[in-house]
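K.L.:
Take a look at target.cif, mmCIF, C-alpha atoms:
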data_model
#
loop_
_atom_site.group_PDB
_atom_site.id
_atom_site.type_symbol
_atom_site.label_atom_id
_atom_site.label_comp_id
_atom_site.auth_asym_id
_atom_site.auth_seq_id
_atom_site.Cartn_x
_atom_site.Cartn_y
_atom_site.Cartn_z
ATOM 1 C CA MET A 95 -19.487 -11.955 -8.074
ATOM 2 C CA SER A 96 -16.129 -10.269 -7.512
ATOM 3 C CA ALA A 97 -16.139 -6.488 -7.176
ATOM 4 C CA ILE A 98 -13.136 -6.274 -9.515
ATOM 5 C CA CYS A 99 -11.732 -8.845 -11.903
ATOM 6 C CA ILE A 100 -8.453 -7.986 -13.659
ATOM 7 C CA GLU A 101 -7.063 -10.266 -16.360
ATOM 8 C CA ASN A 102 -3.674 -9.907 -18.080
ATOM 9 C CA VAL A 103 -3.537 -6.111 -17.915
ATOM 10 C CA SER A 104 -0.390 -4.444 -19.266
ATOM 11 C CA LYS A 105 0.611 -0.833 -19.862
ATOM 12 C CA SER A 106 3.753 0.705 -21.353
ATOM 13 C CA TYR A 107 4.792 4.321 -21.830
ATOM 14 C CA GLY A 108 6.434 5.180 -25.126
ATOM 15 C CA GLY A 109 6.707 1.500 -25.891
ATOM 16 C CA LYS A 110 9.755 1.220 -23.630
ATOM 17 C CA VAL A 111 8.783 1.735 -19.993
ATOM 18 C CA LYS A 112 6.667 -1.229 -18.923
ATOM 19 C CA ALA A 113 4.725 0.187 -15.975
ATOM 20 C CA VAL A 114 2.260 -2.716 -15.591
ATOM 21 C CA ARG A 115 3.072 -6.238 -16.744
ATOM 22 C CA ASP A 116 0.406 -8.894 -17.294
ATOM 23 C CA VAL A 117 -1.426 -8.191 -14.026
ATOM 24 C CA THR A 118 -4.181 -10.597 -12.984
ATOM 25 C CA PHE A 119 -6.122 -10.656 -9.709
ATOM 26 C CA SER A 120 -9.610 -10.166 -8.285
ATOM 27 C CA VAL A 121 -11.039 -8.199 -5.381
ATOM 28 C CA GLU A 122 -14.077 -9.471 -3.494
ATOM 29 C CA GLU A 123 -17.054 -7.288 -2.595
ATOM 30 C CA GLY A 124 -16.705 -5.588 0.788
ATOM 31 C CA GLU A 125 -12.988 -6.369 0.960
ATOM 32 C CA VAL A 126 -10.206 -3.987 1.991
ATOM 33 C CA PHE A 127 -7.588 -4.887 -0.588
ATOM 34 C CA GLY A 128 -4.081 -3.465 -0.523
ATOM 35 C CA LEU A 129 -1.674 -2.949 -3.414
ATOM 36 C CA VAL A 130 1.735 -2.824 -1.749
ATOM 37 C CA GLY A 131 5.034 -1.875 -3.315
ATOM 38 C CA PRO A 132 7.757 0.784 -3.478
ATOM 39 C CA ASP A 133 7.628 4.003 -5.462
ATOM 40 C CA GLY A 134 7.781 3.296 -9.195
ATOM 41 C CA ALA A 135 6.372 -0.222 -8.859
ATOM 42 C CA GLY A 136 3.316 0.558 -11.021
ATOM 43 C CA LYS A 137 0.677 1.198 -8.373
ATOM 44 C CA SER A 138 -0.525 4.579 -9.642
ATOM 45 C CA THR A 139 -0.581 3.443 -13.285
ATOM 46 C CA LEU A 140 -2.765 0.480 -12.352
ATOM 47 C CA PHE A 141 -5.055 2.751 -10.319
ATOM 48 C CA ASN A 142 -5.400 5.156 -13.252
ATOM 49 C CA ILE A 143 -6.454 2.223 -15.428
ATOM 50 C CA LEU A 144 -8.943 0.906 -12.858
ATOM 51 C CA THR A 145 -10.519 4.348 -12.433
ATOM 52 C CA THR A 146 -10.957 4.800 -16.232
ATOM 53 C CA LEU A 147 -8.375 7.586 -16.481
ATOM 54 C CA LEU A 148 -5.950 5.540 -18.573
ATOM 55 C CA LEU A 149 -6.428 2.874 -21.217
ATOM 56 C CA PRO A 150 -4.452 -0.362 -20.860
ATOM 57 C CA ASP A 151 -2.441 -1.694 -23.794
ATOM 58 C CA SER A 152 -3.992 -5.118 -23.286
ATOM 59 C CA GLY A 153 -6.146 -7.096 -20.884
ATOM 60 C CA ASN A 154 -9.675 -7.014 -19.497
ATOM 61 C CA ILE A 155 -11.190 -5.450 -16.376
ATOM 62 C CA LYS A 156 -14.672 -6.018 -15.001
ATOM 63 C CA MET A 157 -16.057 -3.939 -12.154
ATOM 64 C CA LEU A 158 -19.255 -5.293 -10.622
ATOM 65 C CA GLY A 159 -19.915 -6.972 -13.956
ATOM 66 C CA MET A 160 -19.273 -3.879 -16.079
ATOM 67 C CA ASP A 161 -16.440 -3.536 -18.555
ATOM 68 C CA VAL A 162 -14.158 -0.710 -17.400
ATOM 69 C CA ILE A 163 -13.392 0.345 -20.980
ATOM 70 C CA ASP A 164 -16.732 -0.117 -22.766
ATOM 71 C CA ASP A 165 -18.885 0.956 -19.800
ATOM 72 C CA TYR A 166 -16.553 3.618 -18.416
ATOM 73 C CA LYS A 167 -19.330 6.203 -17.904
ATOM 74 C CA ALA A 168 -21.356 3.802 -15.758
ATOM 75 C CA VAL A 169 -18.229 2.697 -13.891
ATOM 76 C CA ARG A 170 -17.432 6.290 -12.959
ATOM 77 C CA GLN A 171 -20.795 6.570 -11.222
ATOM 78 C CA ILE A 172 -20.084 3.717 -8.827
ATOM 79 C CA ILE A 173 -16.497 4.471 -7.840
ATOM 80 C CA GLY A 174 -14.823 6.970 -5.559
ATOM 81 C CA TYR A 175 -11.219 7.978 -6.129
ATOM 82 C CA LEU A 176 -8.667 9.665 -3.918
ATOM 83 C CA PRO A 177 -5.538 10.292 -6.049
ATOM 84 C CA GLY A 178 -1.995 10.373 -4.735
ATOM 85 C CA THR A 179 -1.793 14.179 -4.900
ATOM 86 C CA PHE A 180 -4.236 16.662 -3.369
ATOM 87 C CA SER A 181 -6.698 17.431 -6.154
ATOM 88 C CA LEU A 182 -9.436 19.497 -4.521
ATOM 89 C CA TYR A 183 -9.923 23.232 -4.965
ATOM 90 C CA PRO A 184 -7.483 24.985 -2.594
ATOM 91 C CA ASP A 185 -9.249 28.368 -2.835
ATOM 92 C CA LEU A 186 -12.618 26.892 -1.837
ATOM 93 C CA SER A 187 -13.466 26.241 1.790
ATOM 94 C CA VAL A 188 -13.974 22.766 3.214
ATOM 95 C CA GLN A 189 -17.749 23.246 3.039
ATOM 96 C CA GLU A 190 -17.643 24.604 -0.510
ATOM 97 C CA ASN A 191 -15.563 21.657 -1.746
ATOM 98 C CA LEU A 192 -18.035 19.200 -0.234
ATOM 99 C CA ASP A 193 -21.028 21.065 -1.662
ATOM 100 C CA PHE A 194 -19.408 21.154 -5.105
ATOM 101 C CA PHE A 195 -18.756 17.418 -5.241
ATOM 102 C CA ALA A 196 -22.209 16.663 -3.870
ATOM 103 C CA VAL A 197 -23.770 18.646 -6.722
ATOM 104 C CA MET A 198 -21.478 17.001 -9.282
ATOM 105 C CA TYR A 199 -22.639 13.560 -8.164
ATOM 106 C CA LYS A 200 -26.269 14.688 -7.724
ATOM 107 C CA SER A 201 -26.037 13.817 -4.048
ATOM 108 C CA SER A 202 -25.970 15.712 -0.753
ATOM 109 C CA ILE A 203 -24.076 15.744 2.529
ATOM 110 C CA ALA A 204 -27.233 15.004 4.495
ATOM 111 C CA GLU A 205 -28.155 12.065 2.264
ATOM 112 C CA ASN A 206 -24.897 10.229 2.977
ATOM 113 C CA MET A 207 -24.108 11.542 6.448
ATOM 114 C CA SER A 208 -24.102 8.010 7.875
ATOM 115 C CA ILE A 209 -21.058 7.202 5.729
ATOM 116 C CA ILE A 210 -19.081 10.418 6.039
ATOM 117 C CA GLU A 211 -19.988 11.188 9.669
ATOM 118 C CA PRO A 212 -16.723 9.820 11.212
ATOM 119 C CA ILE A 213 -14.754 12.123 8.891
ATOM 120 C CA TRP A 214 -17.159 15.051 9.064
ATOM 121 C CA LYS A 215 -16.857 15.178 12.853
ATOM 122 C CA GLN A 216 -13.128 15.791 12.482
ATOM 123 C CA ILE A 217 -13.203 18.336 9.652
ATOM 124 C CA SER A 218 -16.425 20.260 10.447
ATOM 125 C CA PRO A 219 -14.670 22.606 12.928
ATOM 126 C CA PHE A 220 -12.654 23.805 9.910
ATOM 127 C CA LYS A 221 -15.554 23.955 7.441
ATOM 128 C CA ASP A 222 -14.955 27.651 6.658
ATOM 129 C CA ARG A 223 -11.182 27.276 6.191
ATOM 130 C CA LYS A 224 -9.697 27.239 2.686
ATOM 131 C CA ALA A 225 -8.800 23.687 1.671
ATOM 132 C CA GLY A 226 -5.306 24.811 0.713
ATOM 133 C CA LYS A 227 -4.687 25.974 4.289
ATOM 134 C CA LEU A 228 -5.414 22.590 5.893
ATOM 135 C CA SER A 229 -2.740 20.304 7.315
ATOM 136 C CA GLY A 230 -1.712 17.257 5.287
ATOM 137 C CA GLY A 231 -3.856 14.914 7.363
ATOM 138 C CA MET A 232 -6.906 17.160 7.185
ATOM 139 C CA LYS A 233 -6.515 17.564 3.412
ATOM 140 C CA GLN A 234 -6.660 13.788 3.000
ATOM 141 C CA LYS A 235 -9.707 13.509 5.250
ATOM 142 C CA LEU A 236 -11.486 16.180 3.228
ATOM 143 C CA ALA A 237 -10.530 14.430 -0.015
ATOM 144 C CA LEU A 238 -11.844 11.141 1.379
ATOM 145 C CA CYS A 239 -15.081 12.822 2.386
ATOM 146 C CA CYS A 240 -15.509 14.178 -1.155
ATOM 147 C CA ALA A 241 -14.771 10.742 -2.631
ATOM 148 C CA LEU A 242 -17.528 9.220 -0.461
ATOM 149 C CA ILE A 243 -20.145 11.938 -0.928
ATOM 150 C CA HIS A 244 -22.084 9.855 -3.491
ATOM 151 C CA CYS A 245 -21.790 6.536 -1.594
ATOM 152 C CA PRO A 246 -19.633 4.668 -4.124
ATOM 153 C CA LYS A 247 -19.641 0.895 -4.325
ATOM 154 C CA VAL A 248 -15.858 0.759 -4.868
ATOM 155 C CA LEU A 249 -13.398 3.225 -3.327
ATOM 156 C CA PHE A 250 -9.864 3.664 -4.691
ATOM 157 C CA LEU A 251 -7.227 5.294 -2.494
ATOM 158 C CA ASP A 252 -3.842 5.882 -4.127
ATOM 159 C CA GLU A 253 -1.196 6.194 -1.389
ATOM 160 C CA PRO A 254 -3.580 8.194 0.834
ATOM 161 C CA THR A 255 -1.207 8.541 3.804
ATOM 162 C CA THR A 256 2.026 9.475 2.017
ATOM 163 C CA GLY A 257 3.486 12.528 3.737
ATOM 164 C CA VAL A 258 0.957 12.304 6.563
ATOM 165 C CA ASP A 259 2.077 12.184 10.208
ATOM 166 C CA PRO A 260 1.832 8.833 12.100
ATOM 167 C CA VAL A 261 -1.164 9.890 14.221
ATOM 168 C CA SER A 262 -3.159 11.006 11.177
ATOM 169 C CA ARG A 263 -2.183 7.793 9.378
ATOM 170 C CA LYS A 264 -3.698 5.727 12.199
ATOM 171 C CA GLU A 265 -6.834 7.885 12.253
ATOM 172 C CA PHE A 266 -7.186 7.498 8.487
ATOM 173 C CA TRP A 267 -7.096 3.696 8.702
ATOM 174 C CA ASP A 268 -9.582 3.735 11.583
ATOM 175 C CA ILE A 269 -11.905 5.694 9.298
ATOM 176 C CA LEU A 270 -11.493 3.077 6.553
ATOM 177 C CA LYS A 271 -12.541 0.411 9.047
ATOM 178 C CA SER A 272 -15.811 2.288 9.641
ATOM 179 C CA ILE A 273 -16.373 2.707 5.884
ATOM 180 C CA ARG A 274 -16.328 -1.032 5.196
ATOM 181 C CA LYS A 275 -19.370 -1.444 7.467
ATOM 182 C CA HIS A 276 -21.392 0.088 4.642
ATOM 183 C CA GLY A 277 -20.383 -2.666 2.227
ATOM 184 C CA ILE A 278 -18.016 -0.470 0.238
ATOM 185 C CA THR A 279 -15.133 -2.306 -1.405
ATOM 186 C CA VAL A 280 -11.878 -0.488 -0.647
ATOM 187 C CA VAL A 281 -8.751 -0.784 -2.812
ATOM 188 C CA VAL A 282 -5.784 1.082 -1.348
ATOM 189 C CA SER A 283 -2.194 1.387 -2.551
ATOM 190 C CA THR A 284 0.638 2.108 -0.138
ATOM 191 C CA PRO A 285 4.437 2.022 0.039
ATOM 192 C CA TYR A 286 4.169 1.533 3.821
ATOM 193 C CA MET A 287 4.441 -2.158 4.617
ATOM 194 C CA ASP A 288 3.079 -1.702 8.148
ATOM 195 C CA GLU A 289 -0.236 -0.518 6.667
ATOM 196 C CA ALA A 290 -0.574 -3.795 4.780
ATOM 197 C CA THR A 291 -1.579 -5.547 8.007
ATOM 198 C CA ARG A 292 -4.764 -3.440 8.064
ATOM 199 C CA CYS A 293 -5.956 -5.023 4.792
ATOM 200 C CA ASP A 294 -7.897 -8.263 4.342
ATOM 201 C CA ARG A 295 -5.603 -9.270 1.493
ATOM 202 C CA ILE A 296 -2.667 -7.650 -0.236
ATOM 203 C CA ALA A 297 -1.047 -7.881 -3.651
ATOM 204 C CA MET A 298 2.684 -7.226 -3.659
ATOM 205 C CA ILE A 299 3.844 -5.421 -6.796
ATOM 206 C CA GLN A 300 7.399 -4.920 -8.032
ATOM 207 C CA GLU A 301 8.466 -3.480 -11.403
ATOM 208 C CA GLY A 302 4.884 -3.664 -12.662
ATOM 209 C CA LYS A 303 4.424 -7.367 -11.830
ATOM 210 C CA ILE A 304 2.344 -8.947 -9.093
ATOM 211 C CA ILE A 305 4.776 -11.098 -7.116
ATOM 212 C CA GLY A 306 2.340 -12.429 -4.520
ATOM 213 C CA ILE A 307 -1.274 -12.197 -3.356
ATOM 214 C CA ASN A 308 -2.439 -13.381 0.052
ATOM 215 C CA THR A 309 -3.536 -12.298 3.498
ATOM 216 C CA PRO A 310 -0.839 -10.504 5.541
ATOM 217 C CA ALA A 311 -0.909 -13.336 8.097
ATOM 218 C CA THR A 312 -0.384 -15.988 5.417
ATOM 219 C CA PHE A 313 2.570 -14.098 3.932
ATOM 220 C CA ILE A 314 4.160 -14.095 7.377
ATOM 221 C CA GLU A 315 3.366 -17.778 7.971
ATOM 222 C CA ASN A 316 5.015 -18.656 4.638
ATOM 223 C CA PHE A 317 8.257 -16.815 5.372
ATOM 224 C CA LYS A 318 10.919 -19.325 4.360
ATOM 225 C CA GLY A 319 13.926 -18.268 6.412
ATOM 226 C CA LYS A 320 14.726 -18.064 10.109
ATOM 227 C CA LEU A 321 14.895 -14.339 10.790
ATOM 228 C CA TYR A 322 17.356 -12.679 13.178
ATOM 229 C CA THR A 323 18.293 -9.111 14.018
ATOM 230 C CA PHE A 324 21.335 -7.447 15.506
ATOM 231 C CA LYS A 325 22.948 -4.033 15.717
ATOM 232 C CA SER A 326 26.429 -3.232 14.476
ATOM 233 C CA GLU A 327 28.434 -0.100 15.205
ATOM 234 C CA ASP A 328 29.551 0.046 11.571
ATOM 235 C CA ILE A 329 26.619 -1.060 9.431
ATOM 236 C CA PHE A 330 28.367 -0.075 6.170
ATOM 237 C CA SER A 331 31.417 -2.247 6.840
ATOM 238 C CA LEU A 332 29.090 -5.045 7.856
ATOM 239 C CA LEU A 333 27.118 -4.895 4.611
ATOM 240 C CA ASN A 334 30.319 -4.819 2.544
ATOM 241 C CA ALA A 335 31.691 -7.846 4.413
ATOM 242 C CA MET A 336 28.413 -9.734 4.015
ATOM 243 C CA GLU A 337 29.006 -9.963 0.278
ATOM 244 C CA SER A 338 31.581 -12.669 1.024
ATOM 245 C CA CYS A 339 29.476 -14.519 3.615
ATOM 246 C CA PRO A 340 29.480 -18.231 2.654
ATOM 247 C CA LEU A 341 26.107 -18.993 4.256
ATOM 248 C CA ASP A 342 22.785 -19.267 2.432
ATOM 249 C CA CYS A 343 21.197 -16.134 3.851
ATOM 250 C CA ASN A 344 19.384 -12.937 2.989
ATOM 251 C CA TYR A 345 20.477 -9.729 4.725
ATOM 252 C CA TYR A 346 19.539 -6.064 4.571
ATOM 253 C CA PRO A 347 19.694 -2.930 6.741
ATOM 254 C CA TYR A 348 16.629 -2.266 8.862
ATOM 255 C CA GLY A 349 17.044 1.162 10.427
ATOM 256 C CA GLU A 350 20.168 0.974 12.587
ATOM 257 C CA HIS A 351 19.903 -2.815 12.725
ATOM 258 C CA CYS A 352 20.633 -5.581 10.262
ATOM 259 C CA HIS A 353 18.033 -8.245 9.513
ATOM 260 C CA ILE A 354 19.333 -11.585 8.348
ATOM 261 C CA ALA A 355 17.340 -14.653 7.318
ATOM 262 C CA PHE A 356 19.123 -18.022 7.355
ATOM 263 C CA TYR A 357 18.102 -20.832 5.020
ATOM 264 C CA ASP A 358 20.537 -23.444 6.310
ATOM 265 C CA ASP A 359 20.084 -25.498 9.489
ATOM 266 C CA ILE A 360 20.014 -22.779 12.131
ATOM 267 C CA ALA A 361 21.840 -24.951 14.685
ATOM 268 C CA THR A 362 24.961 -24.783 12.520
ATOM 269 C CA ALA A 363 24.296 -21.558 10.584
ATOM 270 C CA LEU A 364 24.180 -19.276 13.617
ATOM 271 C CA PRO A 365 27.561 -20.353 15.098
ATOM 272 C CA GLN A 366 29.118 -20.116 11.624
ATOM 273 C CA PHE A 367 27.752 -16.620 11.191
ATOM 274 C CA GLU A 368 29.043 -15.486 14.567
ATOM 275 C CA LYS A 369 32.483 -16.844 13.617
ATOM 276 C CA PHE A 370 32.261 -14.986 10.300
ATOM 277 C CA LEU A 371 31.596 -11.729 12.150
ATOM 278 C CA SER A 372 34.477 -12.371 14.541
ATOM 279 C CA ASP A 373 36.892 -13.234 11.730
ATOM 280 C CA ASN A 374 36.036 -9.945 10.037
ATOM 281 C CA ASN A 375 36.377 -7.929 13.285
ATOM 282 C CA LEU A 376 32.754 -6.800 13.098
ATOM 283 C CA GLN A 377 31.474 -5.682 16.475
ATOM 284 C CA HIS A 378 27.809 -6.356 17.190
ATOM 285 C CA ASP A 379 25.284 -6.783 19.955
ATOM 286 C CA GLU A 380 23.177 -9.885 20.649
ATOM 287 C CA ILE A 381 21.912 -11.723 17.580
ATOM 288 C CA ARG A 382 18.302 -12.565 18.411
ATOM 289 C CA ALA A 383 15.453 -14.288 16.641
ATOM 290 C CA ILE A 384 12.458 -12.172 15.628
ATOM 291 C CA ALA A 385 9.125 -12.719 13.916
ATOM 292 C CA PRO A 386 9.035 -11.475 10.302
ATOM 293 C CA SER A 387 6.923 -8.504 9.278
ATOM 294 C CA VAL A 388 5.164 -8.018 5.940
ATOM 295 C CA GLU A 389 8.148 -5.892 4.899
ATOM 296 C CA ASP A 390 10.514 -8.799 5.623
ATOM 297 C CA CYS A 391 8.267 -11.036 3.517
ATOM 298 C CA PHE A 392 8.302 -8.558 0.628
ATOM 299 C CA ILE A 393 12.094 -8.314 0.703
ATOM 300 C CA GLU A 394 12.450 -12.093 0.805
ATOM 301 C CA ILE A 395 10.196 -12.554 -2.223
ATOM 302 C CA VAL A 396 11.914 -9.788 -4.203
ATOM 303 C CA GLN A 397 15.484 -10.807 -3.415
ATOM 304 C CA ARG A 398 15.156 -14.603 -3.483
ATOM 305 C CA ASP A 399 12.267 -15.396 -5.792
ATOM 306 C CA PHE A 400 11.449 -12.462 -8.064
ATOM 307 C CA SER A 401 15.086 -11.690 -8.891
ATOM 308 C CA HIS A 402 15.751 -15.189 -10.294
#
Re-express the file's structure as structure tokens.

P.N.:
Amino acid sequence: MSAICIENVSKSYGGKVKAVRDVTFSVEEGEVFGLVGPDGAGKSTLFNILTTLLLPDSGNIKMLGMDVIDDYKAVRQIIGYLPGTFSLYPDLSVQENLDFFAVMYKSSIAENMSIIEPIWKQISPFKDRKAGKLSGGMKQKLALCCALIHCPKVLFLDEPTTGVDPVSRKEFWDILKSIRKHGITVVVSTPYMDEATRCDRIAMIQEGKIIGINTPATFIENFKGKLYTFKSEDIFSLLNAMESCPLDCNYYPYGEHCHIAFYDDIATALPQFEKFLSDNNLQHDEIRAIAPSVEDCFIEIVQRDFSH
């Protein structure tokens, strides 16, 4: 039995803004499943529906065999939820927040210490500090601890590392790895494509539609183009000139570099591209082949498949 089964779920706001469009996918028990997409793609709306906070306009959702709409009270007992914004009590201490949520779920810290221990070790030195005075990373760890205090069967994390420093982001994902040992199904949304590689499978979402579901490795294996990177002194002039490039390619800025994927025979495409750059007086460093990332895969799907 799948932990979550979503069929043809849609949601609009005011009848005009289609936040979620005919979404269908399933999440297996014990899986770390990622919902990956940019801001405004529909991730939070879908999470609000899955966690019984919002009713869909249409579609069906089963969670461990229970209907999310009809059995919403029972569903709430088996899920944990960490929303995209800090939602704990800032005037209560770390310890008081944990005690409060333990009482709400008729649980206790001691009862589920085996699950929250990796997090508790990091936040316990600050147990008497007001939650509102914690750093961004510590706030998220406290929120995660509160979401796990009743040992949920399914854990939802809505962009848990947004605004968190790189070190805390890594620590957070290491904690998630320890959580899955307890058989908890984890569904996490993120705008950070590099975090997608930490998931068992990911669903890419754009403008409310699922545009691909697979393992990160399979997405990379299925990348259609031959990907290259190079640096130009004038990236803006380069991008303007690329609009007239006659080759079948996909290009986009990547930091101070330009990534370009060729879909013609590379033996002829690369020399033609170098000539194009020379003809347009575009200075650049070495054009070298690179392996695609999940972000490159997302951009390829959006710009070449989803847009048509």

K.L.:
With distances taken over only C-alpha atoms, which of A:Gly319, A:Pro212, A:Pro219, A:Pro340 is nearest to Gln189 of chain A?

P.N.:
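Ranking A:Gly319, A:Pro212, A:Pro219, A:Pro340 by distance to Gln189 of chain A, first place goes to A:Pro219.
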
K.L.:
Evaluated on this file, the PyMOL selection byres ((chain A and resi 376) around 10) picks out some residues - which ones are they, written as a count of residues only?

P.N.:
16

K.L.:
Taking 3 positions as the minimum chain separation for residues in the same chain, which residues sit within 6 Å of segment 342-355 of chain A when counting all atoms listed in the file? Answer as a list in words.

P.N.:
Gly319, Lys320, Leu321, Tyr322, Thr323, Phe324 and Lys325 of chain A

K.L.:
Tell me, as an MDAnalysis selection string, which residues lie within 12 Å of Gln216 of chain A, counting all atoms listed in the file; anything in the same chain fewer than 4 positions away does not count.

P.N.:
chainID A and resid 188 210:212 220:221 231:236 239 262 265:266 269

K.L.:
Could you tell me how far atom CA of Lys271 of chain A sits from atom CA of Gly174 of chain A, in Å to one decimal place?

P.N.:
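Value for the atom CA of Gly174 of chain A-atom CA of Lys271 of chain A distance: 16.2 Å.
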
K.L.:
Take atom CA of Lys303 of chain A and atom CA of Asp133 of chain A and report the distance between them in Å, one decimal.

P.N.:
13.4 Å

K.L.:
Quick one: distance from atom CA of Lys215 of chain A to atom CA of Ala97 of chain A in Å, one decimal?

P.N.:
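Between atom CA of Lys215 of chain A and atom CA of Ala97 of chain A the gap is 29.5 Å.
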
K.L.:
When the PyMOL selection byres ((chain A and resi 115) around 7) is applied to the file above, which residues end up in the set, as a list in words?

P.N.:
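So the PyMOL selection byres ((chain A and resi 115) around 7) ends up selecting Val103, Ser104, Lys105, Lys112, Ala113, Val114, Asp116, Val117, Gly302 and Lys303 of chain A.
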
K.L.:
Which residues are near Lys200 of chain A? Cut-off 8 Å, all atoms listed in the file, ignore same chain within fewer than 3 positions. Put them as a ChimeraX atom specification.

P.N.:
/A:196-197,244

K.L.:
Generate a file of the selected residues that holds C-alpha atoms, formatted as an mmCIF file, keeping the file's coordinate frame.

P.N.:
data_model
loop_
_atom_site.group_PDB
_atom_site.id
_atom_site.type_symbol
_atom_site.label_atom_id
_atom_site.label_comp_id
_atom_site.auth_asym_id
_atom_site.auth_seq_id
_atom_site.Cartn_x
_atom_site.Cartn_y
_atom_site.Cartn_z
ATOM 1 C CA ALA A 196 -22.209 16.663 -3.870
ATOM 2 C CA VAL A 197 -23.770 18.646 -6.722
ATOM 3 C CA HIS A 244 -22.084 9.855 -3.491
#

K.L.:
Looking at A:Tyr286, A:Tyr166, A:Trp267, A:Tyr183, which one is nearest to Phe392 of chain A, with distances taken over all atoms listed in the file?

P.N.:
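Once distances to Phe392 of chain A are computed over all atoms listed in the file, the minimum belongs to A:Tyr286.
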
K.L.:
Would you mind telling me which residue in A:Met157, A:Val388, A:Ile278, A:Met336 lies nearest to Glu315 of chain A when using all atoms listed in the file?

P.N.:
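Among the listed residues, A:Val388 lies closest to Glu315 of chain A.
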
K.L.:
If we count only C-alpha atoms, what is near Ile155 of chain A at a cut-off of 9 Å, once residues fewer than 6 positions away on the same chain are taken out, given as a list in words?

P.N.:
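Returned residues: Ile98, Cys99, Ile100, Glu101, Asn102, Val103, Leu144, Asp161, Val162 and Ile163 of chain A.
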
K.L.:
Those same residues, written as a short mmCIF file (atom, residue, chain, number, x, y, z; two decimals), in the coordinates of the input with C-alpha atoms?

P.N.:
data_model
loop_
_atom_site.label_atom_id
_atom_site.label_comp_id
_atom_site.auth_asym_id
_atom_site.auth_seq_id
_atom_site.Cartn_x
_atom_site.Cartn_y
_atom_site.Cartn_z
CA ILE A 98 -13.14 -6.27 -9.52
CA CYS A 99 -11.73 -8.85 -11.90
CA ILE A 100 -8.45 -7.99 -13.66
CA GLU A 101 -7.06 -10.27 -16.36
CA ASN A 102 -3.67 -9.91 -18.08
CA VAL A 103 -3.54 -6.11 -17.92
CA LEU A 144 -8.94 0.91 -12.86
CA ASP A 161 -16.44 -3.54 -18.56
CA VAL A 162 -14.16 -0.71 -17.40
CA ILE A 163 -13.39 0.34 -20.98
#

K.L.:
Go through A:Met95, A:Phe127, A:Asp379, A:Gly109 one by one, measure the shortest atom-to-atom distance of each to Ala290 of chain A using all atoms listed in the file, and give the residue with the smallest value.

P.N.:
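Closest to Ala290 of chain A of all the choices is A:Phe127.
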
K.L.:
If the PyMOL selection byres ((chain A and resi 243) around 8) were run on this exact file, what residues would it hold? Put them as an MDAnalysis selection string.

P.N.:
chainID A and resid 192 195:196 199 201:203 206 210 239:242 244:246

K.L.:
Save out the residues we just selected, C-alpha atoms, as a PDB file, in the coordinates of the input.

P.N.:
ATOM      1  CA  LEU A 192     -18.035  19.200  -0.234  1.00  0.00           C
ATOM      2  CA  PHE A 195     -18.756  17.418  -5.241  1.00  0.00           C
ATOM      3  CA  ALA A 196     -22.209  16.663  -3.870  1.00  0.00           C
ATOM      4  CA  TYR A 199     -22.639  13.560  -8.164  1.00  0.00           C
ATOM      5  CA  SER A 201     -26.037  13.817  -4.048  1.00  0.00           C
ATOM      6  CA  SER A 202     -25.970  15.712  -0.753  1.00  0.00           C
ATOM      7  CA  ILE A 203     -24.076  15.744   2.529  1.00  0.00           C
ATOM      8  CA  ASN A 206     -24.897  10.229   2.977  1.00  0.00           C
ATOM      9  CA  ILE A 210     -19.081  10.418   6.039  1.00  0.00           C
ATOM     10  CA  CYS A 239     -15.081  12.822   2.386  1.00  0.00           C
ATOM     11  CA  CYS A 240     -15.509  14.178  -1.155  1.00  0.00           C
ATOM     12  CA  ALA A 241     -14.771  10.742  -2.631  1.00  0.00           C
ATOM     13  CA  LEU A 242     -17.528   9.220  -0.461  1.00  0.00           C
ATOM     14  CA  HIS A 244     -22.084   9.855  -3.491  1.00  0.00           C
ATOM     15  CA  CYS A 245     -21.790   6.536  -1.594  1.00  0.00           C
ATOM     16  CA  PRO A 246     -19.633   4.668  -4.124  1.00  0.00           C
TER      17      PRO A 246
END

K.L.:
If you count only C-alpha atoms, which residues fall within 9 Å of Glu389 of chain A, apart from same-chain ones fewer than 2 positions away, as a list in words?

P.N.:
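Surrounding residues, per the criterion: Tyr286, Met287, Asp288, Ala290, Pro386, Ser387, Cys391, Phe392, Ile393 and Glu394 of chain A.
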
K.L.:
Take every atom of segment 207-210 of chain A listed in the file, pad by 3 Å on each side, and give me the axis-aligned box centre and edge lengths in Å, one decimal, as AutoDock Vina command-line options.

P.N.:
--center_x -21.6 --center_y 9.4 --center_z 6.8 --size_x 11.0 --size_y 10.3 --size_z 8.1

K.L.:
Identify which of the residues A:Ile209, A:Met198, A:Tyr357, A:Leu238 lies closest to Arg398 of chain A, counting only C-alpha atoms when measuring atom-to-atom distances.

P.N.:
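The closest residue to Arg398 of chain A is A:Tyr357.
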
K.L.:
Point out the residue among A:Thr255, A:Thr139, A:Thr309, A:Asn316 with the least atom-to-atom distance to Pro285 of chain A, counting all atoms listed in the file.

P.N.:
A:Thr255
